[in-house]
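One structure below.
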There are 2 protein chains.
Amino acid sequence: MQLEQVHACIIPTTDPHISEYTPDRWKTRAWISGFSGSAGTVVITNDKAGLWTDSRYFLQAEEQLKDSGIDLYKTGLPETPEFNDWIASELSEGGCVGIEGDVYAASEAKSLIDFLSGRNIKIHTNFAPYDSLWENRPAIPSNPAFFLPQSFTGKSCRDKIKEVLAEVKKNQADLTILAALDTIAWLFNIRGNDVDYNPVCVSYAVVSENETVLFISPEKLTQEVLEYLQQEGVIVAGYEKITGYIKHIPCGTRVLVTPAKISYRLYSILSEKCSIKETTVHPADSLKSIKNEIEIAGIRNAMRKDGVAMVKFLIDLEKALANNVMVSEMDIDAKLRTYRSEQTNYFGESFKTIAGYGAHAAIVHYEATPESNASIQPDGILLIDSGAQYFDGTTDITRTISTGKVSDTIKRNFTNVLKGHIQIALAVFPAGTVGMQLDILARQSLWKVGQNFLHGTGHGVGCFLNVHEGPQSIRMNHNPAPLEPGMVTSNEPGLYLAGEYGIRIENLVLTVKAKTTEFGDFYAFETLTLCPIDTRLIDSSLLSPEEIDWLNNYHQKVCEQLSPLLSEEEAEWLHNGNEI
Amino acid sequence: MQLEQVHACIIPTTDPHISEYTPDRWKTRAWISGFSGSAGTVVITNDKAGLWTDSRYFLQAEEQLKDSGIDLYKTGLPETPEFNDWIASELSEGGCVGIEGDVYAASEAKSLIDFLSGRNIKIHTNFAPYDSLWENRPAIPSNPAFFLPQSFTGKSCRDKIKEVLAEVKKNQADLTILAALDTIAWLFNIRGNDVDYNPVCVSYAVVSENETVLFISPEKLTQEVLEYLQQEGVIVAGYEKITGYIKHIPCGTRVLVTPAKISYRLYSILSEKCSIKETTVHPADSLKSIKNEIEIAGIRNAMRKDGVAMVKFLIDLEKALANNVMVSEMDIDAKLRTYRSEQTNYFGESFKTIAGYGAHAAIVHYEATPESNASIQPDGILLIDSGAQYFDGTTDITRTISTGKVSDTIKRNFTNVLKGHIQIALAVFPAGTVGMQLDILARQSLWKVGQNFLHGTGHGVGCFLNVHEGPQSIRMNHNPAPLEPGMVTSNEPGLYLAGEYGIRIENLVLTVKAKTTEFGDFYAFETLTLCPIDTRLIDSSLLSPEEIDWLNNYHQKVCEQLSPLLSEEEAEWLHNGNEI
């Protein structure tokens with residue numbers, strides 16, 4: 001910092017592709033701080049250092065920052081300053097802040113520049129001393145990519161490029177640049193192994209009328225992938241070639257970019273000569289989010305397989321508890337992985353399993369470690385949030401399970417969460433509706449008794465892609481992306497009582513057309529996930545007749561869909577005790 | 001236009017105060033087009049002219065534009081271009097568009113300038129040839145203002161100024177300029193007669209640490225008002241002096257403005273020398289929207305008086321229909337006015353009564369005219385939306401009334417609207433919740449059967465001020481202003497079947513604190529309006545037990561509150577037939 005006359009530097013969590021989860025190569029924030037959570041920002045000045053992270057990670061961060069000299073700033077608390085305000089208060093006018101433009105979203109960097117320039121603080125957007133400081137820094141991953149056939153993707157790369165290009169033109173642009181790894185994997189019908197749980201490969205892409213170029217390290221490309229790309233008219237270039245390519249885009253070219261999905265480095269090269277057309281949601285992400293018929297059929301298939309694995313696991317667990325066999329949170333993780341891996345076209349988990357017993361489940365992003373690993377007691381409730389990547393689809397399911405005696409209060413709380421889940425499942429809404437409009441359906445039963453959950457109600461889910469994708473969501477915050485037919489979204493209300501227990505009920509839902517009337521098109525959700533909801537936790541006096549019908553119909557559907565895939569004994573278990 | 005080398009001019013509906021309803025002086029759009037609706041924009045080019053207005057006014061505009069040479073552009077239809085796109089397509093590069101900066105919101109003008117400059121079209125922001133063209137143009141109103149005592153306002157002008165000033169400083173500004181007439185009336189505890197139904201007076205105000213200045217024509221000021229203002233430390237200056245005052249604000253002064261609430265003319269004078277701090281919602285509007293204890297007590301009083309007037313009217317109507325006495329839509333208007341004017345502290349109506357029988361009620365902004373005036377038949381339903389200004393509060397109520405035999409379909413539709421109304425009335429929500437989050441509660445019962453209503457569910461209501469005020473609303477669109485305790489908002493779901501009938505049920509609700517838990521503060525609505533809902537239109541099999549309870553409790557409260565103010569016979573009527 002002294003060498004480059006920088007008085008403060010900011011280290012965010014993202015990578016050159018503005019990923020939510022990054023390859024080890026770009027875990028700079030974790031490397032410098034020792035804090036391994038999925039969200040957080042480190043700021044370093046000449047005499048201070050701070051980590052800003054949210055409530056999910058307060059405990060973990062305190063632990064991991066011990067003796068590091070880095071102070072913890074708990075975001076979301078009224079007394080915690082924003083890190084940019086903190087920097088402004090630490091630096092004097094004329095000071096300089098360093099960021100690594102290559103791993104900073106253009107949107108974030110631009111607001112930061114605006115903010116700092118208003119305070120006469122300079123910014124050095126190419127401050128990246130980490131390569132020389134970081135011993136044994138991991139390389140950019142070189143795992144092979146693989147081709148996902150049209151029997152899974154339902155659409156050729158060539159057709160997808162055509163659709164993206166049509167949208168680029170609609171936005172009055174000549175060319176677009178893609179940096180988001182899931183968008184690129186979707187567009188080229190390729191998958192990879194570069195990020196844990198996310199089947200993507202490190203790459204960039206450019207789509208223009210003249211050519212479509214995939215920038216990817218040659219060592220990643222098998223003959224099969226190469227031949228497919230060639231056949232679809234795609235030009236392949238080295239990963240590092242993106243910078244030179246962008247520098248040589250003819251002056252005045254109109255380039256469509258989503259500033260939240262591209263690095264500030266690429267954005268600023270572009271802005272030198274090109275006319276940048278900004279879009280909040282990239283049309284390729286919208287296209288990706290709307291699943292085609294083949295993808296939907298694949299997802300239904302994945303749901304059946306995942307349901308089978310879940311049912312086998314639940315039966316095992318019930319037996320173990322009945323026979324006083326010790327089961328730990330980490331055993332659950334392993335057991336689920338085993339049952340899932342027995343399914344056809346299994347690729348891996350879609351995220352790290354959360355299996356939390358009792359008070360552990362009140363920690364929303366709990367991850368069992370050898371130190372924390374609790375054994376399940378026949379008393380209370382257990383929350384399990386898990387999912388898998390199959391070639392035909394991605395799953396994400398949460399069930400809260402009674403492990404023995406539960407109080408009336410737990411039942412009341414579980415039932416209020418269930419009411420929210422069912423109200424979302426039953427929603428009908430006109431075309432154009434956004435998630436913020438629906439969100440209250442998941443919360444009204446909790447709000448009425450003064451409770452709430454502070455995470456979103458729903459996130460988009462990819463098709464054999466990231467378990468978190470956009471553009472849609474169902475949240476208390478505004479997101480202008482409407483819920484369109486073909487989108488897959490989670491429906492996951494919950495309730496967390498610190499030190500006691502946590503409840504969450506999560507199914508994935510597909511937006512479908514419900515009806516067309518003189519008032520326009522109306523959409524609804526079809527629940528995709530197939531696994532029983534624990535009726536031992538329900539106080540049915542709190543459910544409306546409509547809610548009871550939904551639950552009984554859901555369980556009937558689960559039985560019908562899964563029984564043919566189960567043993568007689570397993571099917572028997574599934575049939576019993578689910579009607580209320 | 002030729003003289004000033006303008007190739008197109010735009011004439012909006014607003015005035016120098018960006019009012020929703022304007023004094024006649026500024027009804028330029030109505031004068032030039034003959035179209036008298038409350039919303040619309042006229043654009044004139046060398047060889048064409050168009051009026052853009054929304055679906056509420058399609059029929060009326062077609063009628064009124066006949067033989068005017070002005071084409072009707074129906075906004076909201078997919079085939080209708082936005083007027084700015086239309087201008088861009090009509091003018092060639094280098095063309096010039098004229099607007100009257102004095103009656104154009106700064107926010108609107110700035111987006112227009114952005115839009116046109118991107119197309120190389122110039123803008124003349126001081127194009128105002130109307131004075132010389134408009135024969136007998138009405139003068140700026142010179143009606144007297146009057147003082148509203150603290151027994152109604154609950155807070156002195158001096159205290160309000162202090163609160164506004166504190167917010168100005170919080171926004172890092174030195175000074176603020178107010179142009180919104182209701183905000184000024186609130187701040188200075190004055191009212192006036194300058195706009196139909198809105199008890200405001202034409203004026204501007206400046207609040208700074210050094211001084212507070214009210215710019216108002218001296219002829220409007222009675223001795224009482226003058227003395228009050230003097231006592232509160234307010235400097236009074238002539239209405240026209242605002243321009244000179246702004247020009248002399250010291251260079252570099254930080255000025256807080258809400259660009260949607262100030263004219264482009266004033267905004268651009270300010271932006272020459274001052275540092276403008278923009279805010280979407282002016283803090284004075286937020287303060288005004290949160291009613292104090294005295295105001296709330298006054299509003300409750302106004303609700304009782306309005307309820308008495310409504311009940312007397314409903315009894316009259318029922319008798320007339322039973323005795324085959326002819327009653328017309330315009331009779332209803334007159335009768336309601338009579339009953340309301342008998343109440344203490346009555347000032348006038350709060351908007352033009354909408355009394356629509358049968359298909360007329362399907363026209364959301366229907367206004368009975370001598371030509372349309374229908375007589376009520378003992379068959380079908382009648383929609384009445386009306387309200388009053390009392391010194392102690394503003395009312396706004398809609399009831400849909402059975403006039404005789406009604407079909408099961410009407411009952412089903414009415415009950416679905418009622419369910420939405422009750423769900424809003426029963427809502428509980430955490431601090432920070434905005435109207436868009438609640439809106440679905442009013443619509444879900446309609447959406448489930450493929451119906452909808454295309455107006456908002458709720459608008460803010462002033463306290464002896466405008467019947468429409470901000471910042472809050474309950475709508476399908478996003479509005480970032482949260483619903484705060486002390487705000488008064490309408491709850492008015494509806495259903496409109498063109499050519500058949502219209503349904504709307506409207507009460508005003510007060511946001512109140514409901515409870516505080518470990519999850520924070522929760523708010524709820526208290527229904528303020530006191531008038532029975534027609535139970536003859538209800539299919540109670542569609543209501544949940546909770547909804548039936550709400551309705552019965554509501555009717556019990558109406559009886560308790562109004563009976564002491566009614567004759568024995570009237571109270572008897574109120575007690576009968578309301579329980580379901």
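Starting from 1 in every chain, residues are counted up; chains themselves are A, B, ... following the order of the structure tokens, and ligands are numbered from 1 as listed.
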Please identify every residue of chain B that has at least one atom no more than 7 Å from any atom of chain A, counting only C-alpha atoms, and report them as a PDB file with all heavy atoms, in the first residue's frame.
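Heads up, here's the output in result.pdb:
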ATOM      1  N   VAL B 428     -51.079  -7.575   9.591  1.00  0.00           N
ATOM      2  CA  VAL B 428     -50.066  -7.235  10.598  1.00  0.00           C
ATOM      3  C   VAL B 428     -48.732  -7.307   9.875  1.00  0.00           C
ATOM      4  O   VAL B 428     -48.501  -8.244   9.096  1.00  0.00           O
ATOM      5  CB  VAL B 428     -50.102  -8.223  11.783  1.00  0.00           C
ATOM      6  CG1 VAL B 428     -49.039  -7.841  12.815  1.00  0.00           C
ATOM      7  CG2 VAL B 428     -51.478  -8.251  12.420  1.00  0.00           C
ATOM      8  N   PHE B 429     -47.860  -6.325  10.104  1.00  0.00           N
ATOM      9  CA  PHE B 429     -46.638  -6.272   9.297  1.00  0.00           C
ATOM     10  C   PHE B 429     -45.516  -5.579  10.070  1.00  0.00           C
ATOM     11  O   PHE B 429     -45.771  -4.690  10.884  1.00  0.00           O
ATOM     12  CB  PHE B 429     -46.915  -5.553   7.968  1.00  0.00           C
ATOM     13  CG  PHE B 429     -47.643  -4.252   8.100  1.00  0.00           C
ATOM     14  CD1 PHE B 429     -46.947  -3.053   8.220  1.00  0.00           C
ATOM     15  CD2 PHE B 429     -49.041  -4.201   8.124  1.00  0.00           C
ATOM     16  CE1 PHE B 429     -47.606  -1.848   8.350  1.00  0.00           C
ATOM     17  CE2 PHE B 429     -49.719  -2.980   8.264  1.00  0.00           C
ATOM     18  CZ  PHE B 429     -48.999  -1.803   8.372  1.00  0.00           C
ATOM     19  N   MET B 436     -46.557  -2.073  -1.490  1.00  0.00           N
ATOM     20  CA  MET B 436     -46.518  -3.132  -2.499  1.00  0.00           C
ATOM     21  C   MET B 436     -46.495  -4.522  -1.859  1.00  0.00           C
ATOM     22  O   MET B 436     -46.931  -5.490  -2.466  1.00  0.00           O
ATOM     23  CB  MET B 436     -45.272  -2.948  -3.368  1.00  0.00           C
ATOM     24  CG  MET B 436     -45.267  -3.795  -4.628  1.00  0.00           C
ATOM     25  SD  MET B 436     -43.580  -3.876  -5.303  1.00  0.00           S
ATOM     26  CE  MET B 436     -43.906  -4.326  -6.987  1.00  0.00           C
ATOM     27  N   GLN B 437     -45.951  -4.610  -0.640  1.00  0.00           N
ATOM     28  CA  GLN B 437     -45.919  -5.910   0.031  1.00  0.00           C
ATOM     29  C   GLN B 437     -47.303  -6.335   0.504  1.00  0.00           C
ATOM     30  O   GLN B 437     -47.597  -7.518   0.565  1.00  0.00           O
ATOM     31  CB  GLN B 437     -44.976  -5.854   1.239  1.00  0.00           C
ATOM     32  CG  GLN B 437     -43.514  -5.718   0.861  1.00  0.00           C
ATOM     33  CD  GLN B 437     -42.646  -5.512   2.088  1.00  0.00           C
ATOM     34  OE1 GLN B 437     -42.408  -4.388   2.491  1.00  0.00           O
ATOM     35  NE2 GLN B 437     -42.187  -6.576   2.685  1.00  0.00           N
ATOM     36  N   LEU B 438     -48.144  -5.369   0.848  1.00  0.00           N
ATOM     37  CA  LEU B 438     -49.473  -5.695   1.385  1.00  0.00           C
ATOM     38  C   LEU B 438     -50.508  -5.870   0.298  1.00  0.00           C
ATOM     39  O   LEU B 438     -51.532  -6.524   0.494  1.00  0.00           O
ATOM     40  CB  LEU B 438     -49.949  -4.564   2.314  1.00  0.00           C
ATOM     41  CG  LEU B 438     -49.076  -4.239   3.514  1.00  0.00           C
ATOM     42  CD1 LEU B 438     -49.723  -3.112   4.329  1.00  0.00           C
ATOM     43  CD2 LEU B 438     -48.895  -5.468   4.396  1.00  0.00           C
ATOM     44  N   ASP B 439     -50.262  -5.265  -0.857  1.00  0.00           N
ATOM     45  CA  ASP B 439     -51.279  -5.137  -1.894  1.00  0.00           C
ATOM     46  C   ASP B 439     -51.981  -6.443  -2.250  1.00  0.00           C
ATOM     47  O   ASP B 439     -53.183  -6.495  -2.459  1.00  0.00           O
ATOM     48  CB  ASP B 439     -50.640  -4.500  -3.134  1.00  0.00           C
ATOM     49  CG  ASP B 439     -51.625  -4.334  -4.262  1.00  0.00           C
ATOM     50  OD1 ASP B 439     -52.438  -3.395  -4.181  1.00  0.00           O
ATOM     51  OD2 ASP B 439     -51.621  -5.159  -5.193  1.00  0.00           O
ATOM     52  N   ILE B 440     -51.223  -7.553  -2.317  1.00  0.00           N
ATOM     53  CA  ILE B 440     -51.804  -8.832  -2.741  1.00  0.00           C
ATOM     54  C   ILE B 440     -52.923  -9.278  -1.804  1.00  0.00           C
ATOM     55  O   ILE B 440     -53.828  -9.997  -2.223  1.00  0.00           O
ATOM     56  CB  ILE B 440     -50.711  -9.925  -2.842  1.00  0.00           C
ATOM     57  CG1 ILE B 440     -51.254 -11.140  -3.596  1.00  0.00           C
ATOM     58  CG2 ILE B 440     -50.167 -10.308  -1.481  1.00  0.00           C
ATOM     59  CD1 ILE B 440     -50.220 -12.212  -3.871  1.00  0.00           C
ATOM     60  N   TRP B 447     -57.706 -12.603  -7.843  1.00  0.00           N
ATOM     61  CA  TRP B 447     -56.765 -13.245  -8.768  1.00  0.00           C
ATOM     62  C   TRP B 447     -57.062 -14.745  -8.887  1.00  0.00           C
ATOM     63  O   TRP B 447     -56.925 -15.335  -9.955  1.00  0.00           O
ATOM     64  CB  TRP B 447     -55.315 -13.031  -8.283  1.00  0.00           C
ATOM     65  CG  TRP B 447     -54.830 -11.618  -8.455  1.00  0.00           C
ATOM     66  CD1 TRP B 447     -55.510 -10.585  -9.039  1.00  0.00           C
ATOM     67  CD2 TRP B 447     -53.559 -11.075  -8.047  1.00  0.00           C
ATOM     68  NE1 TRP B 447     -54.732  -9.437  -9.005  1.00  0.00           N
ATOM     69  CE2 TRP B 447     -53.535  -9.708  -8.409  1.00  0.00           C
ATOM     70  CE3 TRP B 447     -52.443 -11.609  -7.404  1.00  0.00           C
ATOM     71  CZ2 TRP B 447     -52.443  -8.878  -8.165  1.00  0.00           C
ATOM     72  CZ3 TRP B 447     -51.343 -10.790  -7.158  1.00  0.00           C
ATOM     73  CH2 TRP B 447     -51.348  -9.435  -7.534  1.00  0.00           C
ATOM     74  N   LYS B 448     -57.472 -15.358  -7.772  1.00  0.00           N
ATOM     75  CA  LYS B 448     -57.720 -16.813  -7.811  1.00  0.00           C
ATOM     76  C   LYS B 448     -58.845 -17.166  -8.780  1.00  0.00           C
ATOM     77  O   LYS B 448     -58.890 -18.288  -9.272  1.00  0.00           O
ATOM     78  CB  LYS B 448     -58.009 -17.338  -6.409  1.00  0.00           C
ATOM     79  CG  LYS B 448     -56.722 -17.387  -5.582  1.00  0.00           C
ATOM     80  CD  LYS B 448     -56.748 -18.353  -4.433  1.00  0.00           C
ATOM     81  CE  LYS B 448     -55.322 -18.422  -3.862  1.00  0.00           C
ATOM     82  NZ  LYS B 448     -55.258 -19.050  -2.552  1.00  0.00           N
ATOM     83  N   GLY B 450     -59.343 -15.251 -11.504  1.00  0.00           N
ATOM     84  CA  GLY B 450     -59.002 -14.601 -12.780  1.00  0.00           C
ATOM     85  C   GLY B 450     -59.550 -13.191 -12.910  1.00  0.00           C
ATOM     86  O   GLY B 450     -59.760 -12.699 -14.014  1.00  0.00           O
ATOM     87  N   GLN B 451     -59.765 -12.506 -11.773  1.00  0.00           N
ATOM     88  CA  GLN B 451     -60.237 -11.121 -11.819  1.00  0.00           C
ATOM     89  C   GLN B 451     -59.193 -10.196 -11.204  1.00  0.00           C
ATOM     90  O   GLN B 451     -58.246 -10.643 -10.563  1.00  0.00           O
ATOM     91  CB  GLN B 451     -61.573 -11.010 -11.068  1.00  0.00           C
ATOM     92  CG  GLN B 451     -62.686 -11.794 -11.748  1.00  0.00           C
ATOM     93  CD  GLN B 451     -63.996 -11.729 -10.977  1.00  0.00           C
ATOM     94  OE1 GLN B 451     -64.005 -11.626  -9.750  1.00  0.00           O
ATOM     95  NE2 GLN B 451     -65.103 -11.821 -11.686  1.00  0.00           N
ATOM     96  N   ASN B 452     -59.387  -8.895 -11.390  1.00  0.00           N
ATOM     97  CA  ASN B 452     -58.435  -7.926 -10.856  1.00  0.00           C
ATOM     98  C   ASN B 452     -59.094  -6.549 -10.897  1.00  0.00           C
ATOM     99  O   ASN B 452     -60.142  -6.365 -11.517  1.00  0.00           O
ATOM    100  CB  ASN B 452     -57.152  -7.924 -11.710  1.00  0.00           C
ATOM    101  CG  ASN B 452     -55.942  -7.353 -10.970  1.00  0.00           C
ATOM    102  OD1 ASN B 452     -56.013  -6.982  -9.797  1.00  0.00           O
ATOM    103  ND2 ASN B 452     -54.824  -7.274 -11.666  1.00  0.00           N
ATOM    104  N   LYS B 515     -47.528  -4.756  18.043  1.00  0.00           N
ATOM    105  CA  LYS B 515     -46.762  -5.411  19.104  1.00  0.00           C
ATOM    106  C   LYS B 515     -45.278  -5.273  18.837  1.00  0.00           C
ATOM    107  O   LYS B 515     -44.850  -4.988  17.721  1.00  0.00           O
ATOM    108  CB  LYS B 515     -47.158  -6.880  19.228  1.00  0.00           C
ATOM    109  CG  LYS B 515     -46.919  -7.712  17.974  1.00  0.00           C
ATOM    110  CD  LYS B 515     -47.518  -9.107  18.107  1.00  0.00           C
ATOM    111  CE  LYS B 515     -48.991  -9.122  17.739  1.00  0.00           C
ATOM    112  NZ  LYS B 515     -49.658 -10.380  17.728  1.00  0.00           N
ATOM    113  N   THR B 517     -41.809  -7.530  19.525  1.00  0.00           N
ATOM    114  CA  THR B 517     -41.301  -8.843  19.943  1.00  0.00           C
ATOM    115  C   THR B 517     -39.798  -8.878  19.675  1.00  0.00           C
ATOM    116  O   THR B 517     -39.218  -7.892  19.216  1.00  0.00           O
ATOM    117  CB  THR B 517     -41.965  -9.980  19.138  1.00  0.00           C
ATOM    118  OG1 THR B 517     -41.447  -9.950  17.801  1.00  0.00           O
ATOM    119  CG2 THR B 517     -43.481  -9.837  19.101  1.00  0.00           C
ATOM    120  N   PHE B 519     -38.565 -10.023  17.266  1.00  0.00           N
ATOM    121  CA  PHE B 519     -38.410  -9.788  15.830  1.00  0.00           C
ATOM    122  C   PHE B 519     -38.639  -8.322  15.461  1.00  0.00           C
ATOM    123  O   PHE B 519     -38.698  -7.987  14.288  1.00  0.00           O
ATOM    124  CB  PHE B 519     -39.348 -10.706  15.043  1.00  0.00           C
ATOM    125  CG  PHE B 519     -39.015 -12.168  15.179  1.00  0.00           C
ATOM    126  CD1 PHE B 519     -39.631 -12.952  16.147  1.00  0.00           C
ATOM    127  CD2 PHE B 519     -38.056 -12.749  14.365  1.00  0.00           C
ATOM    128  CE1 PHE B 519     -39.308 -14.301  16.285  1.00  0.00           C
ATOM    129  CE2 PHE B 519     -37.726 -14.092  14.491  1.00  0.00           C
ATOM    130  CZ  PHE B 519     -38.349 -14.869  15.462  1.00  0.00           C
ATOM    131  N   PHE B 522     -44.124  -4.480  15.171  1.00  0.00           N
ATOM    132  CA  PHE B 522     -45.131  -4.858  14.177  1.00  0.00           C
ATOM    133  C   PHE B 522     -46.273  -3.843  14.209  1.00  0.00           C
ATOM    134  O   PHE B 522     -46.662  -3.385  15.276  1.00  0.00           O
ATOM    135  CB  PHE B 522     -45.666  -6.266  14.467  1.00  0.00           C
ATOM    136  CG  PHE B 522     -44.663  -7.338  14.139  1.00  0.00           C
ATOM    137  CD1 PHE B 522     -43.654  -7.668  15.044  1.00  0.00           C
ATOM    138  CD2 PHE B 522     -44.699  -8.000  12.920  1.00  0.00           C
ATOM    139  CE1 PHE B 522     -42.701  -8.632  14.737  1.00  0.00           C
ATOM    140  CE2 PHE B 522     -43.766  -8.966  12.599  1.00  0.00           C
ATOM    141  CZ  PHE B 522     -42.754  -9.287  13.507  1.00  0.00           C
TER     142      PHE B 522
END
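Every protein, DNA or RNA residue with an atom at most 7 Å from Gly458 in chain A, where only C-alpha atoms count and chain neighbours fewer than 4 positions away do not, is listed here: A:Ser473, A:Ile474, A:Arg475, A:Thr489, A:Ser490, A:Asn491, A:Glu492.
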Exercise for review: Identify, with DSSP run on backbone atoms, the residues in range 133-296 of chain B assigned to strand (DSSP E), and express the list as a count of residues only.
Suggested key: 29
Practice item. Using DSSP on the backbone coordinates, identify the residues of range 198-371 of chain B assigned to alpha helix (DSSP H); present them as a VMD selection string. Key: chain B and resid 223 to 231 241 to 247 264 to 273 283 to 289 293 to 322 329 to 341
Review point. Using only C-alpha atoms, which residues sit within 6 Å of Asp392 in chain B once same-chain residues fewer than 4 positions away are excluded, as a ChimeraX atom specification?
Key: /B:152,298-299
Mind dumping the selected residues with C-alpha atoms as a short mmCIF file (atom, residue, chain, number, x, y, z; two decimals), in the first residue's frame?
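Heads up, here's the output in out.cif:
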data_model
loop_
_atom_site.label_atom_id
_atom_site.label_comp_id
_atom_site.auth_asym_id
_atom_site.auth_seq_id
_atom_site.Cartn_x
_atom_site.Cartn_y
_atom_site.Cartn_z
CA PHE B 152 -57.32 21.00 15.09
CA GLY B 298 -60.19 15.03 14.98
CA ILE B 299 -60.25 12.44 12.25
#
**Study point:** Which residue of B:Ser268, B:Ser203, B:Ser117, B:Ser286 approaches Leu483 in chain B most closely, using only C-alpha atoms
**Key:**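 Nearest candidate to Leu483 in chain B out of B:Ser268, B:Ser203, B:Ser117, B:Ser286: B:Ser286.
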Review point. Hey, what's within 7 Å of Lys261 in chain A if we count only C-alpha atoms and toss same-chain stuff fewer than 3 positions away? As a PyMOL selection string, please?
Key: chain A and resi 17-18+105+179-180+258
Print the selection's residues with N, CA and C atoms to a file, as a PDB file, in the first residue's frame.
ATOM      1  N   HIS A  17     -15.639 -13.035 -12.352  1.00  0.00           N
ATOM      2  CA  HIS A  17     -16.938 -13.354 -12.952  1.00  0.00           C
ATOM      3  C   HIS A  17     -18.077 -12.941 -12.038  1.00  0.00           C
ATOM      4  N   ILE A  18     -17.735 -12.216 -10.987  1.00  0.00           N
ATOM      5  CA  ILE A  18     -18.699 -11.692  -9.997  1.00  0.00           C
ATOM      6  C   ILE A  18     -19.582 -12.847  -9.507  1.00  0.00           C
ATOM      7  N   ALA A 105     -17.301  -5.801  -9.020  1.00  0.00           N
ATOM      8  CA  ALA A 105     -18.397  -5.590  -9.971  1.00  0.00           C
ATOM      9  C   ALA A 105     -18.375  -4.129 -10.424  1.00  0.00           C
ATOM     10  N   ALA A 179     -19.776 -12.523 -18.551  1.00  0.00           N
ATOM     11  CA  ALA A 179     -18.732 -12.957 -17.621  1.00  0.00           C
ATOM     12  C   ALA A 179     -19.295 -13.954 -16.617  1.00  0.00           C
ATOM     13  N   ALA A 180     -20.618 -13.980 -16.440  1.00  0.00           N
ATOM     14  CA  ALA A 180     -21.231 -14.867 -15.441  1.00  0.00           C
ATOM     15  C   ALA A 180     -21.073 -16.315 -15.892  1.00  0.00           C
ATOM     16  N   THR A 258     -24.334  -5.890 -18.240  1.00  0.00           N
ATOM     17  CA  THR A 258     -25.021  -5.776 -16.956  1.00  0.00           C
ATOM     18  C   THR A 258     -23.942  -5.456 -15.930  1.00  0.00           C
TER      19      THR A 258
END
